[in-house]
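Undergrad: Sending over a structure as structure tokens; questions will come in a sec.
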Amino acid sequence: MSDTLLSARNLAFELYEVLDAEALTQRPRFAEHSRETFDAALHTARTLAEKYFAPHNRKGDEHEPRFENGEAVLIPEVKPAVDAFLDAGFLNANRDFDNGGMQLPTLLSQACFAHFQAANAGTAAYPFLTMGAANLIETFGTDEQKRLFLQPMIQGRCFGTMALTEPHAGSSLADIRTRAEPAADGSYRLKGNKIFISGGDHPLSDNIVHLVLAKLPDAPPGVKGISLFIVPKFLVNDDGSLGERNDVVLAGLFHKMGWRGTTSTALNFGDNGHCVGYLIGQPHQGLACMFQMMNEARIGVGMGAVMLGYAGYLYSLDYARQRPQGRLPDNKNLATAAVPIIQHSDVKRMLLTQKAYVEGAFDLGLYAARLFDDSHTAPDEDQRQQAQQLLDLLTPIVKSWPSEFCLKANELAIQILGGHGYTRDYPVEQYYRDNRLNPIHEGTHGIQSLDLLGRKLAQHGGAGLKHLVRLIANTCAHSTAYPNLQRLREPLEALLKRLQAVTLGLLGDLSTGQVNALANSALYLKAFGHCVIGWRWLEQAIRAEQGLARGNPADAGFYHGKLQAARFFLTWEVPACHNDLALLEARDDTCPSMHEAWF
């Protein structure tokens, strides 16, 4: 049977040959685990994703949530799927054994969750949001807030959301208008409106905890005046039982192009003056708290984009192997049978492009998860600090590069299916529609590029960037032991050298207040992302050479495929970035100098 969610062989390659997941079991936190327990968790995730999530992916798309009597109504298949996810323990895969968790490394929990993202992005979103909300409350909540809200979330009785966006402000959080007035009992009364709140209403849990950004009466202007509040759908009594309905109203549902299985809601807080909220963290520090959940979500969104791209790639690959059409150019005999389209060079090009994008991005997403583990459990403080600095730097890439280029992979999957790809009789058009959201939510491509160039590069005195450059240089040096990798290494070295020079120039401009250096930040993120993915492909190529040297005939095709995909990305894609860098070097002002009236 063909892989439909993700390649099991590629997953094993990533975990055990590239990222050395087994080494994590030498750390005290993961000492009770082994490759056997890791593989058991992965097998369970694949089984549940195939049994409960994948079967209603199309139905959830065709029958999106309905707004009835002030509530959101879902298709009946969603709750059994979510319950199976909860019962298997995946909601708490990272948590301590003592707190009902599996105490898995983030690398493994991310790999497990990838199966659910590939099987059904719409249904997977509900536990995904809850995991992030629970982690935030665990970090910043008071003991009482943890007792009343975190524990029900861990138990799966309460789900979570993050409520940031407002109709007039969009991504400009500095302009939010939701207000929170202190009450005599120490709680707050909120009033405002939020839109595009994923999972903002559903019947999957007893309660929903909204993490809401709002401003106190004495708030300073801008983002420095934002506070964060826990606002439950139902109030919670001191004994943990549910009380009356809070003044949170589902105003309606948005009808999306993709991700139709996830409710996208408009919520009104305090229409009747009785919306109770509880401050979490310090006053006016809400955005700093929320960034923990947002950064987790950005990495999760990136992996979600990867998995939708991956699902499209695997489907189009299987289709190309099965679909006979035409003959090769050197065969003029029409009496001969048509060949499978995978034999045509242009179809190979499209499949190879998809493979290079999705497997490169998959590696990066798992590498980010490994960095998270290292930032918390590496034995040395310097190692932990370096891992955190590198993760901070790479987060905009992990979110945005897959959202752009795995979407392109979905487009190619449609093209390979030809006219069939454009119809709803085949799943690739849904994968494209579902993935089209990812370049927008959790910070658009443009916002991520501004974050990377305007903030992350200089963060920690540029320590993350310096460490990344050292890692890429080390990989290039390591690759010199393999003569076949010279033509792969040289384009990466050339791009890195030029990217460093462009980066120094842009940072120099920014340090003197020349904000026009940010004008073409999207080009910078693309070139930076290609350099990072090129590095990850060179790492994979080294492991593939090592695998071939071990001489197992059963693995030869897999490793040759890795080398060919690395060759494609490093010799086709990486050199193409030099035009982008030329525009950045020239501080090209074509876009910012365009006058509104000229459109």
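Scheme for the structure tokens: letters A, B, ... for chains in order shown; per-chain residue numbers from 1; ligand numbers from 1 in order shown.
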Stretch 83-85 of chain A: which residues within 9 Å, counting only C-alpha atoms, same-chain residues fewer than 2 positions away excluded, as a PyMOL selection string?
TA: chain A and resi 45+48-49+52+78-81+87-91+127+156+204
Undergrad: Counting only C-alpha atoms, which residues of stretch 74-156 of chain A sit at most 12 Å from some atom of stretch 436-450 of chain A, and what is each one's closest atom pair with its distance in Å to one decimal, listed by chain and rising residue number, as a tab-separated table?
TA:
```
residue	atom	partner	partner_atom	distance
A:Ala121	CA	A:Asn438	CA	11.1
A:Gly122	CA	A:Leu437	CA	11.5
A:Leu129	CA	A:Glu442	CA	11.9
```
Undergrad: Could you tell me, as a list in words, which residues of stretch 58-120 of chain A DSSP assigns to alpha helix (DSSP H) when given the backbone?
TA: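 Taking stretch 58-120 of chain A and keeping alpha helix (DSSP H) only, one gets Arg58, Lys59, Gly60, Asp61, Glu62, Val78, Lys79, Pro80, Ala81, Val82, Asp83, Ala84, Phe85, Leu86, Asp87, Thr106, Leu107, Leu108, Ser109, Gln110, Ala111, Cys112, Phe113, Ala114, His115, Phe116, Gln117, Ala118 and Ala119 of chain A.
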Undergrad: At what distance in Å, to one decimal, does atom CA of A:Ala519 lie from atom CA of A:Leu506?
TA: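 Between atom CA of A:Leu506 and atom CA of A:Ala519 the gap works out to 10.6 Å.
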Undergrad: Nearest residue to A:Asp318 out of A:Met303, A:Val231, A:Thr4, A:Gln285, using only C-alpha atoms?
TA: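 Selected residue with least distance to A:Asp318: A:Thr4.
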